[in-house]
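Only one structure is covered here, and it is reproduced in the block below.
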Amino acid sequence: MIKTSMRFAAAFALVLAFLALPGCSTNNQGDDAVPLYLTVDFTLLPAVKHVSDGSLLQFSTVTIKSVMKSPTAATSSMLDTRLDDYVIVWSRLDQGTKVPKTETFAGNVMIPVGGTSTLSNYPFMSISALSLSPLDQLFPYNGGIDRETGSSEIRCAGTVTFRGHTMAGQPVQGTGTFGMAFLY
């Protein structure tokens, strides 16, 4: 009984000592070798998109910021980021399960290390995607309602992942999410 108690006490002391050690990383954006990450801020978002208006879904302003993981790290132009592309993945905010298709768009923007770039009128859904399932159900000739929810609107969240690389060749990305209601 005494041996078991001593083993337990020794193991408990070892666990406490391990927990008392300082963390090895302050990187809350992942433990990859890239010294920066991107943040995304959507401004001037439309709350509603009419599927019948014949135009793609685009936002007036999206700001992408390059943030150093360690504020004291040295910076150089080799850490400037070239935005290669961005991917929009949709999910439903209502009770429906069918979502618009995932789309990828070209980026072609430079984001200076520690700085920002503003995207103006970049697309987030193509015109053709507005006429595909499940959004096609909102057109009057298809019944005008979402068959899953019985509603005349479909509410979705778009998760956008901006992907790029530093001038040194390291991959960099940032993600932002926005909500959107689709109507006829």
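Letters A, B, ... mark the chains of the structure tokens in the order given; residue numbers begin at 1 per chain; ligand numbers begin at 1, in order shown.
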If you count only C-alpha atoms, which residues fall within 10 Å of Pro112 in chain A, apart from same-chain ones fewer than 4 positions away, as a PDB file with N, CA and C atoms, in the first residue's frame?
ATOM      1  N   LYS A  65      -5.178  41.763 -43.994  1.00  0.00           N
ATOM      2  CA  LYS A  65      -4.041  42.291 -43.240  1.00  0.00           C
ATOM      3  C   LYS A  65      -3.022  41.179 -43.004  1.00  0.00           C
ATOM      4  N   SER A  66      -1.758  41.508 -43.183  1.00  0.00           N
ATOM      5  CA  SER A  66      -0.653  40.598 -42.897  1.00  0.00           C
ATOM      6  C   SER A  66      -0.199  40.857 -41.459  1.00  0.00           C
ATOM      7  N   VAL A  67      -0.240  39.818 -40.631  1.00  0.00           N
ATOM      8  CA  VAL A  67       0.094  39.959 -39.209  1.00  0.00           C
ATOM      9  C   VAL A  67       1.262  39.044 -38.869  1.00  0.00           C
ATOM     10  N   SER A  76      11.057  41.769 -43.628  1.00  0.00           N
ATOM     11  CA  SER A  76      11.721  42.137 -44.875  1.00  0.00           C
ATOM     12  C   SER A  76      10.714  41.979 -46.003  1.00  0.00           C
ATOM     13  N   SER A  77      11.050  42.501 -47.159  1.00  0.00           N
ATOM     14  CA  SER A  77      10.140  42.388 -48.302  1.00  0.00           C
ATOM     15  C   SER A  77       9.966  40.938 -48.738  1.00  0.00           C
ATOM     16  N   MET A  78      10.839  40.047 -48.281  1.00  0.00           N
ATOM     17  CA  MET A  78      10.681  38.619 -48.583  1.00  0.00           C
ATOM     18  C   MET A  78       9.460  38.046 -47.870  1.00  0.00           C
ATOM     19  N   LEU A  79       8.901  38.794 -46.910  1.00  0.00           N
ATOM     20  CA  LEU A  79       7.698  38.354 -46.199  1.00  0.00           C
ATOM     21  C   LEU A  79       6.439  39.000 -46.752  1.00  0.00           C
ATOM     22  N   ASP A  80       6.571  39.836 -47.799  1.00  0.00           N
ATOM     23  CA  ASP A  80       5.378  40.330 -48.479  1.00  0.00           C
ATOM     24  C   ASP A  80       4.634  39.120 -49.042  1.00  0.00           C
ATOM     25  N   THR A  81       3.316  39.188 -49.036  1.00  0.00           N
ATOM     26  CA  THR A  81       2.500  38.054 -49.466  1.00  0.00           C
ATOM     27  C   THR A  81       1.830  38.343 -50.796  1.00  0.00           C
ATOM     28  N   ARG A  82       1.918  37.394 -51.690  1.00  0.00           N
ATOM     29  CA  ARG A  82       1.184  37.460 -52.949  1.00  0.00           C
ATOM     30  C   ARG A  82      -0.043  36.562 -52.790  1.00  0.00           C
ATOM     31  N   THR A 116      -1.714  46.153 -45.041  1.00  0.00           N
ATOM     32  CA  THR A 116      -3.020  45.714 -45.512  1.00  0.00           C
ATOM     33  C   THR A 116      -3.163  45.953 -47.012  1.00  0.00           C
ATOM     34  N   SER A 117      -4.087  45.225 -47.607  1.00  0.00           N
ATOM     35  CA  SER A 117      -4.514  45.461 -48.982  1.00  0.00           C
ATOM     36  C   SER A 117      -6.033  45.427 -48.984  1.00  0.00           C
ATOM     37  N   THR A 166       4.505  33.881 -49.372  1.00  0.00           N
ATOM     38  CA  THR A 166       5.444  34.982 -49.185  1.00  0.00           C
ATOM     39  C   THR A 166       6.398  34.995 -50.373  1.00  0.00           C
TER      40      THR A 166
END
Inset, instruction - Extract, using only C-alpha atoms, all DNA, RNA and protein residues at most 9 Å from Leu93 in chain A, discarding same-chain residues fewer than 3 positions from it, and format them as a PyMOL selection string. - result: chain A and resi 96+154-157+179
All residues 8 Å or closer to Asn108 in chain A, only C-alpha atoms, same chain fewer than 4 positions away omitted, as a short mmCIF file (atom, residue, chain, number, x, y, z; two decimals) with N, CA and C atoms, in the first residue's frame:
data_model
loop_
_atom_site.label_atom_id
_atom_site.label_comp_id
_atom_site.auth_asym_id
_atom_site.auth_seq_id
_atom_site.Cartn_x
_atom_site.Cartn_y
_atom_site.Cartn_z
N ARG A 82 1.92 37.39 -51.69
CA ARG A 82 1.18 37.46 -52.95
C ARG A 82 -0.04 36.56 -52.79
N LEU A 83 -1.21 37.16 -52.92
CA LEU A 83 -2.46 36.42 -52.81
C LEU A 83 -2.69 35.67 -54.12
N ASP A 84 -2.68 34.35 -54.07
CA ASP A 84 -2.84 33.54 -55.28
C ASP A 84 -4.31 33.36 -55.66
N ASP A 85 -5.12 32.96 -54.69
CA ASP A 85 -6.53 32.73 -54.95
C ASP A 85 -7.30 32.74 -53.64
#
Inset, instruction - Please return as a PyMOL selection string: the residues of range 3-182 of chain A that backbone DSSP assigns to alpha helix (DSSP H). - result: chain A and resi 3-20
Saved selection, atoms kept: N, CA and C atoms, as an mmCIF file, in the first residue's frame:
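The new file result-v8.cif reads:
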data_model
loop_
_atom_site.group_PDB
_atom_site.id
_atom_site.type_symbol
_atom_site.label_atom_id
_atom_site.label_comp_id
_atom_site.auth_asym_id
_atom_site.auth_seq_id
_atom_site.Cartn_x
_atom_site.Cartn_y
_atom_site.Cartn_z
ATOM 1 N N LYS A 3 3.969 1.456 -1.151
ATOM 2 C CA LYS A 3 4.635 1.553 -2.447
ATOM 3 C C LYS A 3 3.711 2.180 -3.483
ATOM 4 N N THR A 4 2.425 1.800 -3.483
ATOM 5 C CA THR A 4 1.459 2.347 -4.440
ATOM 6 C C THR A 4 1.274 3.834 -4.204
ATOM 7 N N SER A 5 1.186 4.255 -2.948
ATOM 8 C CA SER A 5 1.028 5.668 -2.625
ATOM 9 C C SER A 5 2.250 6.468 -3.051
ATOM 10 N N MET A 6 3.434 5.902 -2.872
ATOM 11 C CA MET A 6 4.660 6.593 -3.255
ATOM 12 C C MET A 6 4.739 6.733 -4.776
ATOM 13 N N ARG A 7 4.332 5.673 -5.498
ATOM 14 C CA ARG A 7 4.338 5.742 -6.962
ATOM 15 C C ARG A 7 3.349 6.807 -7.443
ATOM 16 N N PHE A 8 2.180 6.819 -6.836
ATOM 17 C CA PHE A 8 1.164 7.795 -7.211
ATOM 18 C C PHE A 8 1.676 9.208 -6.930
ATOM 19 N N ALA A 9 2.289 9.412 -5.763
ATOM 20 C CA ALA A 9 2.813 10.729 -5.400
ATOM 21 C C ALA A 9 3.926 11.153 -6.361
ATOM 22 N N ALA A 10 4.794 10.224 -6.744
ATOM 23 C CA ALA A 10 5.885 10.539 -7.675
ATOM 24 C C ALA A 10 5.322 10.896 -9.053
ATOM 25 N N ALA A 11 4.329 10.133 -9.518
ATOM 26 C CA ALA A 11 3.712 10.417 -10.815
ATOM 27 C C ALA A 11 2.989 11.762 -10.774
ATOM 28 N N PHE A 12 2.287 12.025 -9.669
ATOM 29 C CA PHE A 12 1.560 13.286 -9.518
ATOM 30 C C PHE A 12 2.546 14.462 -9.515
ATOM 31 N N ALA A 13 3.669 14.322 -8.811
ATOM 32 C CA ALA A 13 4.683 15.380 -8.775
ATOM 33 C C ALA A 13 5.273 15.618 -10.166
ATOM 34 N N LEU A 14 5.469 14.561 -10.937
ATOM 35 C CA LEU A 14 5.991 14.686 -12.287
ATOM 36 C C LEU A 14 5.005 15.431 -13.188
ATOM 37 N N VAL A 15 3.729 15.120 -13.067
ATOM 38 C CA VAL A 15 2.703 15.809 -13.851
ATOM 39 C C VAL A 15 2.662 17.288 -13.483
ATOM 40 N N LEU A 16 2.712 17.606 -12.196
ATOM 41 C CA LEU A 16 2.709 18.999 -11.761
ATOM 42 C C LEU A 16 3.934 19.749 -12.282
ATOM 43 N N ALA A 17 5.077 19.100 -12.256
ATOM 44 C CA ALA A 17 6.292 19.735 -12.759
ATOM 45 C C ALA A 17 6.168 20.005 -14.265
ATOM 46 N N PHE A 18 5.599 19.059 -15.002
ATOM 47 C CA PHE A 18 5.402 19.243 -16.439
ATOM 48 C C PHE A 18 4.460 20.403 -16.722
ATOM 49 N N LEU A 19 3.377 20.501 -15.964
ATOM 50 C CA LEU A 19 2.417 21.582 -16.169
ATOM 51 C C LEU A 19 2.990 22.946 -15.808
ATOM 52 N N ALA A 20 3.966 22.975 -14.941
ATOM 53 C CA ALA A 20 4.563 24.241 -14.529
ATOM 54 C C ALA A 20 5.553 24.783 -15.551
#
Inset, instruction - Compile the contact shell of range 46-61 of chain A as a list in words: residues with an atom at most 9 Å away, counting only C-alpha atoms, same-chain residues fewer than 4 positions apart removed. - result: Asp41, Phe42, Thr118, Leu119, Ser120, Asn121, Tyr122, Pro123, Phe124, Met125, Ser126, Ile127, Ser128, Ala129, Leu130, Ser131, Leu135, Asp136, Leu138, Phe139, Gly179, Met180, Ala181, Phe182, Leu183 and Tyr184 of chain A
Inset, instruction - Write down as a ChimeraX atom specification the residues belonging to range 13-156 of chain A that are assigned strand (DSSP E) by DSSP computed on the backbone. - result: /A:36-43,48-50,57-68,81-92,103-111,116-125,153-156
How about saving the chosen residues, C-alpha atoms kept, as a CSV table (one decimal), in the first residue's frame?
chain,number,residue,atom,x,y,z
A,36,LEU,CA,2.9,35.5,-40.4
A,37,TYR,CA,-0.8,34.9,-41.1
A,38,LEU,CA,-3.6,36.9,-42.8
A,39,THR,CA,-6.7,38.4,-41.2
A,40,VAL,CA,-9.8,39.2,-43.2
A,41,ASP,CA,-12.4,42.0,-42.6
A,42,PHE,CA,-15.5,42.2,-44.7
A,43,THR,CA,-17.0,45.7,-44.8
A,48,VAL,CA,-29.4,40.2,-49.3
A,49,LYS,CA,-28.6,38.9,-52.7
A,50,HIS,CA,-31.4,38.6,-55.3
A,57,LEU,CA,-22.2,38.4,-55.8
A,58,GLN,CA,-19.4,40.9,-54.9
A,59,PHE,CA,-18.5,43.1,-52.0
A,60,SER,CA,-17.5,46.8,-52.1
A,61,THR,CA,-14.6,46.3,-49.7
A,62,VAL,CA,-12.6,43.4,-48.2
A,63,THR,CA,-9.5,44.2,-46.2
A,64,ILE,CA,-6.7,41.6,-45.8
A,65,LYS,CA,-4.0,42.3,-43.2
A,66,SER,CA,-0.7,40.6,-42.9
A,67,VAL,CA,0.1,40.0,-39.2
A,68,MET,CA,3.4,38.8,-37.8
A,81,THR,CA,2.5,38.1,-49.5
A,82,ARG,CA,1.2,37.5,-52.9
A,83,LEU,CA,-2.5,36.4,-52.8
A,84,ASP,CA,-2.8,33.5,-55.3
A,85,ASP,CA,-6.5,32.7,-54.9
A,86,TYR,CA,-9.4,32.5,-52.6
A,87,VAL,CA,-12.0,29.7,-52.0
A,88,ILE,CA,-15.6,30.2,-50.9
A,89,VAL,CA,-17.3,27.3,-49.1
A,90,TRP,CA,-20.9,27.7,-48.2
A,91,SER,CA,-22.9,26.3,-45.2
A,92,ARG,CA,-26.5,26.7,-44.3
A,103,GLU,CA,-15.9,28.3,-56.0
A,104,THR,CA,-12.3,29.4,-56.4
A,105,PHE,CA,-11.4,32.8,-57.7
A,106,ALA,CA,-8.0,34.3,-58.7
A,107,GLY,CA,-6.3,36.7,-56.2
A,108,ASN,CA,-3.5,38.6,-57.8
A,109,VAL,CA,-2.9,41.0,-54.9
A,110,MET,CA,0.2,41.9,-52.9
A,111,ILE,CA,0.0,42.4,-49.2
A,116,THR,CA,-3.0,45.7,-45.5
A,117,SER,CA,-4.5,45.5,-49.0
A,118,THR,CA,-8.1,46.4,-49.9
A,119,LEU,CA,-10.0,44.4,-52.4
A,120,SER,CA,-12.7,46.3,-54.2
A,121,ASN,CA,-15.6,44.6,-56.0
A,122,TYR,CA,-14.1,41.1,-55.9
A,123,PRO,CA,-16.5,38.3,-56.7
A,124,PHE,CA,-17.7,35.8,-54.1
A,125,MET,CA,-20.3,33.9,-56.2
A,153,GLU,CA,-35.2,32.6,-48.8
A,154,ILE,CA,-32.1,30.6,-48.3
A,155,ARG,CA,-29.7,31.8,-45.5
A,156,CYS,CA,-26.1,30.8,-45.8
Inset, instruction - Could you tell me how far CA of Gly150 in chain A lies from CA of Gln95 in chain A, in Å and to one decimal? - result: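 Going from CA of Gly150 in chain A over to CA of Gln95 in chain A covers 9.8 Å.
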Legend entry - Interatomic distance (Å, one decimal) between CA of Val160 in chain A and CA of Thr175 in chain A: 5.5 Å
Inset, instruction - To one decimal in Å, tell me the separation between CA of Ser151 in chain A and CA of Phe178 in chain A. - result: 20.7 Å
Inset, instruction - Considering only C-alpha atoms, state which residue in the set A:Leu132, A:Ala73, A:Ala168, A:Leu44 is at the smallest distance from Gly114 in chain A. - result: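 That would be A:Ala73, the residue with the smallest distance to Gly114 in chain A.
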Inset, instruction - Would you please work out which residue, of A:Val99, A:Ala74, A:Val113, A:Leu45, is nearest to His165 in chain A when using only C-alpha atoms? - result: A:Val113
